[in-house]
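Enquirer: This one is protein-v1.txt, compact mmCIF, C-alpha atoms.
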```txt
# COMPACT_ATOMS: atom_id res chain seq x y z
CA MET B 813 95.63 -47.14 23.74
CA ALA B 814 97.12 -44.88 21.06
CA LYS B 815 95.23 -41.85 19.85
CA LYS B 816 93.87 -42.23 16.30
CA PHE B 817 91.98 -39.01 15.56
CA LEU B 818 92.24 -35.24 15.72
CA ASN B 819 89.36 -32.80 16.10
CA GLN B 820 90.91 -29.65 14.65
CA THR B 821 87.59 -28.05 13.69
CA ASN B 822 85.97 -28.60 17.07
CA VAL B 823 83.24 -30.95 15.90
CA SER B 824 80.75 -31.39 18.75
CA LEU B 825 81.27 -34.40 20.98
CA SER B 826 77.99 -35.99 19.89
CA MET B 827 79.14 -35.94 16.24
CA ALA B 828 82.81 -36.65 16.96
CA VAL B 829 82.01 -39.94 18.71
CA TRP B 830 79.87 -40.99 15.74
CA LEU B 831 82.61 -40.06 13.25
CA ALA B 832 85.36 -41.75 15.28
CA GLU B 833 83.56 -45.10 15.58
CA ASP B 834 85.41 -47.62 13.42
CA THR B 835 83.19 -50.54 12.40
CA TYR B 836 85.43 -51.82 9.59
CA ASP B 837 86.63 -55.40 10.03
CA HIS B 838 90.36 -54.77 9.72
CA SER B 839 92.87 -57.53 9.05
CA GLU B 840 96.23 -57.78 10.81
CA ASP B 841 97.60 -59.98 8.01
CA PRO B 842 100.43 -58.05 6.28
CA GLN B 843 99.67 -59.93 3.05
CA HIS B 844 96.01 -58.94 3.13
CA ILE B 845 94.69 -56.74 0.30
CA SER B 846 91.04 -55.79 -0.05
CA ALA B 847 89.16 -55.86 -3.33
CA THR B 848 88.81 -52.08 -3.28
CA SER B 849 92.53 -51.60 -2.57
CA LEU B 850 93.36 -53.49 -5.78
CA LEU B 851 91.79 -50.58 -7.66
CA LYS B 852 94.11 -48.01 -6.08
CA PRO B 853 97.31 -46.80 -7.74
CA THR B 854 100.29 -49.04 -7.05
CA LYS B 855 102.24 -46.16 -5.55
CA GLN B 856 99.43 -45.42 -3.12
CA LEU B 857 99.27 -49.07 -2.04
CA CYS B 858 103.02 -49.32 -1.50
CA LEU B 859 103.34 -46.01 0.35
CA GLY B 860 100.21 -46.73 2.36
CA SER B 861 101.88 -49.79 3.85
CA LYS B 862 104.50 -47.48 5.33
CA MET B 863 102.01 -45.13 6.95
CA ALA B 864 101.97 -47.22 10.12
CA LEU B 865 105.47 -45.96 10.72
CA ASN B 866 104.21 -42.37 10.83
CA ASP B 867 102.42 -40.56 13.62
CA SER B 868 99.92 -38.82 11.32
CA LEU B 869 96.37 -38.74 12.70
CA THR B 870 93.08 -38.45 10.85
CA ASP B 871 90.86 -35.46 11.52
CA VAL B 872 87.31 -36.60 12.28
CA ALA B 873 85.82 -33.86 10.07
CA SER B 874 87.30 -35.63 7.01
CA LEU B 875 85.21 -38.74 7.74
CA VAL B 876 81.75 -37.24 7.16
CA ALA B 877 81.19 -38.53 3.60
CA SER B 878 82.46 -42.00 4.50
CA LYS B 879 80.28 -42.22 7.62
CA MET B 880 77.18 -41.07 5.73
CA GLY B 881 77.80 -43.79 3.14
CA THR B 882 78.26 -46.39 5.87
CA ALA B 883 75.09 -45.23 7.61
CA ILE B 884 73.09 -45.73 4.40
CA HIS B 885 74.57 -49.20 3.85
CA ASP B 886 73.81 -50.20 7.44
CA SER B 887 70.25 -48.91 7.18
CA ILE B 888 69.57 -50.90 4.01
CA GLU B 889 71.00 -54.04 5.59
CA ARG B 890 68.89 -53.61 8.75
CA ALA B 891 65.73 -53.12 6.69
CA TRP B 892 66.28 -56.42 4.93
CA LEU B 893 67.38 -58.35 8.01
CA ASN B 894 64.68 -57.09 10.37
CA ASN B 895 61.63 -56.04 8.39
CA TYR B 896 61.74 -57.20 4.78
CA LYS B 897 58.54 -59.28 4.93
CA THR B 898 56.41 -56.39 6.16
CA SER B 899 58.00 -54.01 3.64
CA LEU B 900 57.40 -56.41 0.75
CA GLN B 901 53.77 -56.77 1.83
CA ASP B 902 53.45 -52.97 1.97
CA LEU B 903 54.89 -52.83 -1.56
CA GLY B 904 52.17 -55.20 -2.77
CA TYR B 905 54.08 -58.46 -3.16
CA PRO B 906 51.98 -61.61 -2.57
CA ASN B 907 52.80 -63.92 0.33
CA ASN B 908 53.70 -66.82 -1.97
CA VAL B 909 56.54 -64.68 -3.36
CA ILE B 910 57.62 -63.25 0.01
CA GLU B 911 57.94 -66.72 1.54
CA ARG B 912 60.39 -67.71 -1.20
CA VAL B 913 62.86 -65.00 -0.14
CA LEU B 914 65.72 -66.28 2.02
CA ILE B 915 68.33 -63.96 3.54
CA ASN B 916 71.93 -65.21 3.48
CA PRO B 917 70.72 -68.80 3.05
CA ASP B 918 72.69 -71.94 3.70
CA PRO B 919 73.30 -73.71 0.34
CA LYS B 920 71.46 -76.81 1.59
CA ASP B 921 68.28 -74.73 2.02
CA LEU B 922 68.17 -73.55 -1.60
CA THR B 923 65.56 -74.92 -3.99
CA GLU B 924 64.53 -74.02 -7.54
CA ASP B 925 61.86 -71.70 -6.12
CA THR B 926 64.12 -69.86 -3.66
CA ILE B 927 64.78 -66.14 -4.13
CA PRO B 928 68.19 -65.87 -2.41
CA VAL B 929 69.37 -62.52 -1.02
CA TYR B 930 72.91 -62.16 0.25
CA MET B 931 74.29 -59.11 2.06
CA GLU B 932 77.66 -57.99 3.40
CA GLN B 933 79.33 -61.37 2.98
CA ARG B 934 83.14 -61.18 3.34
CA VAL B 935 85.07 -63.78 1.38
CA ASN B 936 88.84 -64.42 1.25
CA LYS B 937 90.91 -66.01 -1.49
CA VAL B 938 94.67 -66.72 -1.36
CA ILE B 939 96.51 -66.09 -4.61
CA ASP B 940 100.19 -65.48 -5.41
CA GLY B 941 101.08 -65.16 -1.74
CA TYR B 942 98.39 -62.58 -0.92
CA ASN B 943 95.09 -62.89 0.90
CA ILE B 944 92.48 -61.05 -1.18
CA SER B 945 89.19 -60.25 0.54
CA GLY B 946 86.01 -58.47 -0.39
CA LYS B 947 82.62 -57.77 1.12
CA PHE B 948 79.87 -57.06 -1.41
CA ASP B 949 76.79 -54.97 -0.61
CA PHE B 950 73.88 -56.99 -1.96
CA VAL B 951 73.15 -59.92 -4.28
CA ILE B 952 69.66 -60.99 -5.31
CA GLU B 953 69.03 -63.96 -7.59
CA GLY B 954 72.68 -63.96 -8.62
CA ARG B 955 72.95 -60.28 -9.57
CA LEU B 956 75.35 -58.05 -7.65
CA GLU B 957 74.15 -54.63 -6.48
CA ASP B 958 76.39 -51.90 -5.07
CA PHE B 959 74.96 -48.94 -3.15
CA LYS B 960 76.60 -45.59 -3.92
CA SER B 961 75.68 -42.33 -2.20
CA THR B 962 77.36 -39.69 -4.35
CA GLY B 963 76.89 -36.52 -6.37
CA THR B 964 75.21 -36.52 -9.78
CA PHE B 965 78.54 -35.58 -11.42
CA THR B 966 79.72 -39.18 -11.02
CA TYR B 967 76.76 -40.46 -13.03
CA LEU B 968 76.73 -37.69 -15.63
CA LYS B 969 80.45 -37.92 -16.45
CA LYS B 970 80.74 -41.72 -15.99
CA THR B 971 83.99 -41.03 -14.12
CA ASN B 972 83.92 -44.24 -12.07
CA ASP B 973 82.35 -46.72 -14.49
CA GLU B 974 85.54 -48.70 -15.07
CA LYS B 975 86.26 -48.78 -11.35
CA TYR B 976 82.71 -49.95 -10.58
CA ILE B 977 82.99 -52.69 -13.22
CA MET B 978 86.34 -53.97 -11.94
CA GLN B 979 85.24 -53.87 -8.30
CA GLY B 980 82.10 -55.82 -9.16
CA SER B 981 84.12 -58.26 -11.27
CA ILE B 982 86.48 -58.92 -8.35
CA TYR B 983 83.48 -59.62 -6.12
CA ARG B 984 82.23 -62.15 -8.67
CA TRP B 985 85.72 -63.68 -8.90
CA LEU B 986 85.63 -64.10 -5.12
CA ASN B 987 82.01 -65.38 -5.04
CA PRO B 988 81.30 -67.23 -8.32
CA GLU B 989 78.76 -69.51 -6.64
CA ILE B 990 76.69 -66.53 -5.41
CA ILE B 991 77.23 -63.92 -8.13
CA THR B 992 76.20 -65.66 -11.34
CA ASN B 993 74.84 -62.79 -13.46
CA ASP B 994 77.07 -61.17 -16.10
CA HIS B 995 75.81 -57.71 -15.11
CA MET B 996 75.80 -55.70 -11.91
CA ALA B 997 73.65 -52.76 -10.83
CA ILE B 998 74.85 -49.58 -9.18
CA GLN B 999 72.08 -48.29 -6.94
CA PHE B 1000 72.74 -44.56 -6.89
CA ILE B 1001 71.50 -42.37 -4.05
CA PHE B 1002 72.29 -38.86 -5.24
CA THR B 1003 73.33 -36.41 -2.54
CA ASP B 1004 72.85 -33.25 -4.64
CA TRP B 1005 69.88 -34.17 -6.85
CA GLN B 1006 67.75 -31.25 -8.13
CA ALA B 1007 64.13 -31.83 -9.20
CA MET B 1008 64.10 -28.72 -11.41
CA ARG B 1009 67.14 -29.85 -13.38
CA ALA B 1010 65.69 -33.35 -13.76
CA ASN B 1011 62.73 -31.76 -15.57
CA THR B 1012 64.87 -29.69 -17.96
CA ASP B 1013 68.04 -31.70 -18.65
CA LYS B 1014 67.50 -34.95 -20.60
CA ASN B 1015 70.83 -36.38 -19.43
CA TYR B 1016 70.24 -35.64 -15.75
CA PRO B 1017 68.98 -38.52 -13.54
CA LYS B 1018 65.19 -38.39 -13.34
CA ASN B 1019 65.01 -39.61 -9.76
CA ARG B 1020 67.12 -39.24 -6.63
CA VAL B 1021 67.40 -43.03 -6.36
CA MET B 1022 68.40 -44.69 -9.63
CA GLU B 1023 69.59 -48.08 -10.89
CA TYR B 1024 72.52 -48.09 -13.32
CA VAL B 1025 73.40 -51.45 -14.93
CA LEU B 1026 76.97 -52.27 -15.98
CA PRO B 1027 78.56 -55.38 -17.54
CA LEU B 1028 81.06 -57.44 -15.56
CA LYS B 1029 84.36 -58.70 -16.90
CA SER B 1030 84.86 -62.44 -17.20
CA VAL B 1031 86.22 -64.37 -14.23
CA GLU B 1032 89.33 -65.21 -16.29
CA ALA B 1033 90.03 -61.57 -17.24
CA THR B 1034 89.45 -60.52 -13.64
CA GLU B 1035 91.95 -63.03 -12.28
CA ALA B 1036 94.51 -61.84 -14.83
CA PHE B 1037 93.99 -58.26 -13.59
CA VAL B 1038 94.42 -59.36 -9.96
CA ARG B 1039 97.62 -61.30 -10.68
CA ASN B 1040 99.12 -58.41 -12.67
CA LYS B 1041 98.31 -55.93 -9.89
CA LEU B 1042 99.81 -58.16 -7.21
CA ALA B 1043 102.98 -58.64 -9.26
CA GLU B 1044 103.31 -54.86 -9.64
CA VAL B 1045 102.82 -54.31 -5.91
CA THR B 1046 105.38 -56.99 -5.05
CA SER B 1047 108.02 -55.57 -7.39
CA ASN B 1048 107.60 -52.01 -6.06
CA MET B 1049 106.93 -52.49 -2.35
CA ASN B 1050 110.53 -52.04 -1.21
CA LYS B 1051 111.63 -49.50 -3.80
CA ASN B 1052 112.41 -45.88 -3.14
CA GLN B 1053 109.20 -44.00 -3.93
CA ASP B 1054 110.87 -42.05 -6.74
CA ASP B 1055 111.47 -45.38 -8.49
CA MET B 1056 107.83 -46.47 -8.18
CA PRO B 1057 105.45 -45.92 -11.11
CA PRO B 1058 103.92 -42.46 -10.60
CA CYS B 1059 100.16 -42.09 -10.27
CA THR B 1060 98.70 -41.28 -13.68
CA ASP B 1061 96.57 -38.24 -14.48
CA GLU B 1062 93.53 -40.52 -14.57
CA GLU B 1063 94.36 -41.94 -11.14
CA LEU B 1064 94.96 -38.41 -9.87
CA TRP B 1065 91.55 -37.24 -11.16
CA ARG B 1066 93.40 -34.42 -12.89
CA SER B 1067 91.14 -31.91 -14.62
CA ALA B 1068 91.81 -30.91 -18.23
CA PRO B 1069 94.45 -28.24 -18.86
CA VAL B 1070 93.50 -24.74 -20.00
CA TRP B 1071 95.44 -22.51 -22.42
CA LYS B 1072 95.12 -18.87 -21.43
CA TYR B 1073 95.57 -16.27 -24.14
CA TYR B 1074 96.80 -12.79 -23.22
CA LYS B 1075 96.34 -10.42 -26.18
CA SER B 1076 98.60 -7.75 -24.69
CA GLY B 1077 101.52 -10.14 -24.45
CA LYS B 1078 101.69 -9.63 -20.71
CA ILE B 1079 100.45 -12.12 -18.12
CA THR B 1080 97.97 -10.08 -16.16
CA ALA B 1081 95.40 -10.94 -13.55
CA ARG B 1082 92.80 -11.71 -16.22
CA SER B 1083 93.36 -13.51 -19.54
CA THR B 1084 91.76 -12.29 -22.75
CA LYS B 1085 90.30 -15.71 -23.52
CA ASN B 1086 90.68 -19.30 -22.35
CA PHE B 1087 90.87 -22.32 -24.67
CA ASP B 1088 90.46 -26.06 -24.18
CA ASP B 1089 93.19 -26.93 -26.68
CA ILE B 1090 96.42 -25.28 -27.77
CA VAL B 1091 95.55 -25.30 -31.48
CA GLN B 1092 92.62 -22.94 -31.05
CA ALA B 1093 94.68 -20.76 -28.72
CA ASN B 1094 97.45 -20.45 -31.29
CA ILE B 1095 94.94 -19.67 -34.05
CA GLN B 1096 93.69 -16.76 -31.97
CA LEU B 1097 97.28 -15.68 -31.36
CA SER B 1098 97.99 -15.74 -35.11
CA ASN B 1099 94.81 -13.84 -35.96
CA ASP B 1100 95.91 -11.09 -33.60
CA GLY B 1101 99.31 -10.72 -35.28
CA ASN B 1102 101.29 -12.92 -32.85
CA SER B 1103 101.61 -10.03 -30.47
CA GLY B 1104 100.10 -11.88 -27.53
CA ILE B 1105 101.11 -14.88 -25.46
CA VAL B 1106 99.59 -18.31 -24.74
CA VAL B 1107 100.17 -19.88 -21.33
CA GLU B 1108 99.26 -23.47 -20.45
CA VAL B 1109 97.67 -23.92 -17.02
CA LYS B 1110 97.89 -27.55 -15.95
CA GLY B 1111 94.77 -29.27 -14.70
CA GLU B 1112 94.15 -29.49 -10.96
CA VAL B 1113 94.92 -32.73 -9.12
CA LYS B 1114 92.16 -33.92 -6.77
CA ALA B 1115 92.75 -37.55 -5.73
CA CYS B 1116 95.70 -36.70 -3.47
CA ARG B 1117 93.29 -34.97 -1.10
CA TYR B 1118 91.84 -38.37 -0.22
CA CYS B 1119 95.05 -40.42 -0.28
CA PRO B 1120 96.28 -41.49 3.18
CA ALA B 1121 99.87 -41.54 1.89
CA ALA B 1122 99.83 -37.95 0.56
CA SER B 1123 101.72 -36.62 3.57
CA ILE B 1124 104.80 -38.73 2.72
CA CYS B 1125 104.47 -38.72 -1.08
CA ASN B 1126 107.04 -36.75 -3.08
CA GLN B 1127 104.71 -36.67 -6.08
CA ALA B 1128 102.00 -34.96 -4.04
CA SER B 1129 104.56 -32.52 -2.64
CA ALA B 1130 105.60 -31.57 -6.18
CA TYR B 1131 101.99 -30.85 -7.13
CA ILE B 1132 101.57 -28.65 -4.05
CA ALA B 1133 104.71 -26.79 -5.08
CA ASP B 1134 103.53 -26.16 -8.66
CA GLY B 1135 100.04 -25.18 -7.54
CA THR B 1136 98.11 -28.03 -9.16
CA LEU B 1137 97.24 -29.60 -5.79
CA LYS B 1138 95.42 -27.55 -3.20
CA LEU B 1139 94.80 -29.36 0.07
```
For this file, produce the structure as structure tokens.
Expert:
Amino acid sequence: MAKKFLNQTNVSLSMAVWLAEDTYDHSEDPQHISATSLLKPTKQLCLGSKMALNDSLTDVASLVASKMGTAIHDSIERAWLNNYKTSLQDLGYPNNVIERVLINPDPKDLTEDTIPVYMEQRVNKVIDGYNISGKFDFVIEGRLEDFKSTGTFTYLKKTNDEKYIMQGSIYRWLNPEIITNDHMAIQFIFTDWQAMRANTDKNYPKNRVMEYVLPLKSVEATEAFVRNKLAEVTSNMNKNQDDMPPCTDEELWRSAPVWKYYKSGKITARSTKNFDDIVQANIQLSNDGNSGIVVEVKGEVKACRYCPAASICNQASAYIADGTLKL
């Protein structure tokens, strides 16, 4: 059996075995695309399909965040599958409500009084020559819930809202008979939550576990998105990568540029002042008699660090060369 992982940082064997365990239900179908993959840049999808030709191995230390997220998902699922009645009793719910809850019910067992709960259900749909699949986290009474263990930055800056909405919309498109609510809920579990900041910052999440409700796109709009994405992948799959549409700054999670002003006119180790836009930088330059210099420093690229195709991507190589990508 071929080797799949490296352990370059000498992670202990007890942890390395945990990190190396692969519980994902992979598909061998070359036309298979997951719901989450549809949200990736087209270039990443096309180059990723060629990675099997490479001998690059994943270092187990890079899997920590993913494994922690999986562990939380698995724990939530086990709690509902194995002990939900006792937990609901402990939370004060009456027996006549608890008995109405059915986990992953067969449609023939549903009644008007049933409280259906569905978890980790993988569904496939064939469209335009591709097999699209998705496995949602949790649905209760028709409303989709997605569990996210992440830093508070994601919530504060709303950086992933559109991605969350489209992912949830694709799950509804795949499961319209189960997901019937027009809204979904992100169940945040914050990994860096600070109680002191929650008491002083009105925008900061007040609790470490928090529900965040988002609207879903219509089934029709979602299908149009899926078809457009598949058409783009098909038309670019066999192109030279330099002819593929480049990943955008948004897809690259590029930070905002900075304009550094050097009053002396010489680029030294420390700028006189930094500006968020060039207009203000040039105003400062003018006020000082135009004797200085303004230098634009491009924003840093971050998404390439997590892209499996980065090692063969010319775009990533260019960012490494110009200093905007630091691996």
Enquirer: Would you mind telling me which residue in B:Arg934, B:Tyr1073, B:Cys1116, B:Ser887 lies nearest to Asp1100 of chain B when using only C-alpha atoms?
Expert: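 Using only C-alpha atoms, Asp1100 of chain B sits closest to B:Tyr1073.
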Enquirer: Suppose you want the space between atom CA of Thr854 of chain B and atom CA of Leu1064 of chain B; what is it in Å?
Expert: 12.2 Å
Enquirer: Just the residues within 9 Å of Val1021 of chain B, please, counting only C-alpha atoms, with nothing from its chain fewer than 6 positions along; format it as a PyMOL selection string.
Expert: chain B and resi 999-1002
Enquirer: Taking only C-alpha atoms into account, name the residue in B:Asp871, B:Ala828, B:Asp918, B:Asn1015 that is nearest to Lys816 of chain B.
Expert: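 Nearest to Lys816 of chain B: B:Asp871.
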Enquirer: With 8 Å on each side, where is the centre of the axis-aligned box around all listed atoms of segment 1077-1093 of chain B, and how long are its edges in Å to one decimal, as JSON?
Expert:
```
{"center_x": 96.0, "center_y": -18.3, "center_z": -22.5, "size_x": 27.4, "size_y": 33.3, "size_z": 33.9}
```
Enquirer: Please identify all polymer residues within 9 Å of Asp940 of chain B, counting all atoms listed in the file, omitting same-chain residues fewer than 5 positions from it, and present them as a list in words.
Expert: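 What passes the distance filter is Arg1039, Leu1042 and Ala1043 of chain B.
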Enquirer: At what distance in Å, to one decimal, does atom CA of Leu869 of chain B lie from atom CA of Gln820 of chain B?
Expert: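 It comes out at 10.8 Å.
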Enquirer: Could you jot down the atom CA of Glu1112 of chain B to atom CA of Thr964 of chain B separation for me, Å, one decimal place?
Expert: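 Atom CA of Thr964 of chain B lies at a distance of 20.2 Å from atom CA of Glu1112 of chain B.
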Enquirer: Just want the 10 Å neighbourhood of Lys852 of chain B, counted on only C-alpha atoms, with same-chain residues fewer than 3 positions away dropped. Output as a list in words.
Expert: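 Contacts, in chain order: Ala847, Thr848, Ser849, Lys855, Gln856, Leu857, Lys975, Lys1041, Cys1059, Glu1063 and Cys1119 of chain B.
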Enquirer: Could those residues be written to a file, using C-alpha atoms, as a short mmCIF file (atom, residue, chain, number, x, y, z; two decimals), in the frame of the given file?
Expert:
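For reference, again15.cif as written:
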```cif
data_model
loop_
_atom_site.label_atom_id
_atom_site.label_comp_id
_atom_site.auth_asym_id
_atom_site.auth_seq_id
_atom_site.Cartn_x
_atom_site.Cartn_y
_atom_site.Cartn_z
CA ALA B 847 89.16 -55.86 -3.33
CA THR B 848 88.81 -52.08 -3.28
CA SER B 849 92.53 -51.60 -2.57
CA LYS B 855 102.24 -46.16 -5.55
CA GLN B 856 99.43 -45.42 -3.12
CA LEU B 857 99.27 -49.07 -2.04
CA LYS B 975 86.26 -48.78 -11.35
CA LYS B 1041 98.31 -55.93 -9.89
CA CYS B 1059 100.16 -42.09 -10.27
CA GLU B 1063 94.36 -41.94 -11.14
CA CYS B 1119 95.05 -40.42 -0.28
#
```
Enquirer: Which one is closest to Gly1111 of chain B: B:Ala1068, B:Leu850, B:Gly1077, B:Asn1086? Count all atoms listed in the file.
Expert: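 Checking each candidate against Gly1111 of chain B, we get B:Ala1068 as the closest.
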Enquirer: Could you check the closest approach to Asn908 of chain B for each of B:Asp1061, B:Glu889, B:Asp834, B:Asp925 and tell me which residue wins, using only C-alpha atoms?
Expert: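 Nearest candidate to Asn908 of chain B out of B:Asp1061, B:Glu889, B:Asp834, B:Asp925: B:Asp925.
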Enquirer: Point out the residue among B:Pro1069, B:Pro1057, B:Gly954, B:Pro906 with the least atom-to-atom distance to Ile927 of chain B, counting only C-alpha atoms.
Expert: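 Counting only C-alpha atoms, the residue closest to Ile927 of chain B is B:Gly954.
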Enquirer: Which residues are near Pro928 of chain B? Cut-off 6 Å, all atoms listed in the file, ignore same chain within fewer than 6 positions. Put them as a list in words.
Expert: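 The filter keeps Val913, Leu914, Ile952 and Glu953 of chain B.
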Enquirer: Any idea what's packed within 12 Å of Tyr896 of chain B, counting only C-alpha atoms, ignoring anything in its chain fewer than 6 positions away? Could you give it as an MDAnalysis selection string?
Expert: chainID B and resid 888:890 902:903 905 910:911 913:915 929
Enquirer: Between B:Thr870, B:Ala1010, B:Thr1084, B:Cys858, which residue has the minimum interatomic distance to Lys815 of chain B, considering only C-alpha atoms?
Expert: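 Nearest to Lys815 of chain B: B:Thr870.
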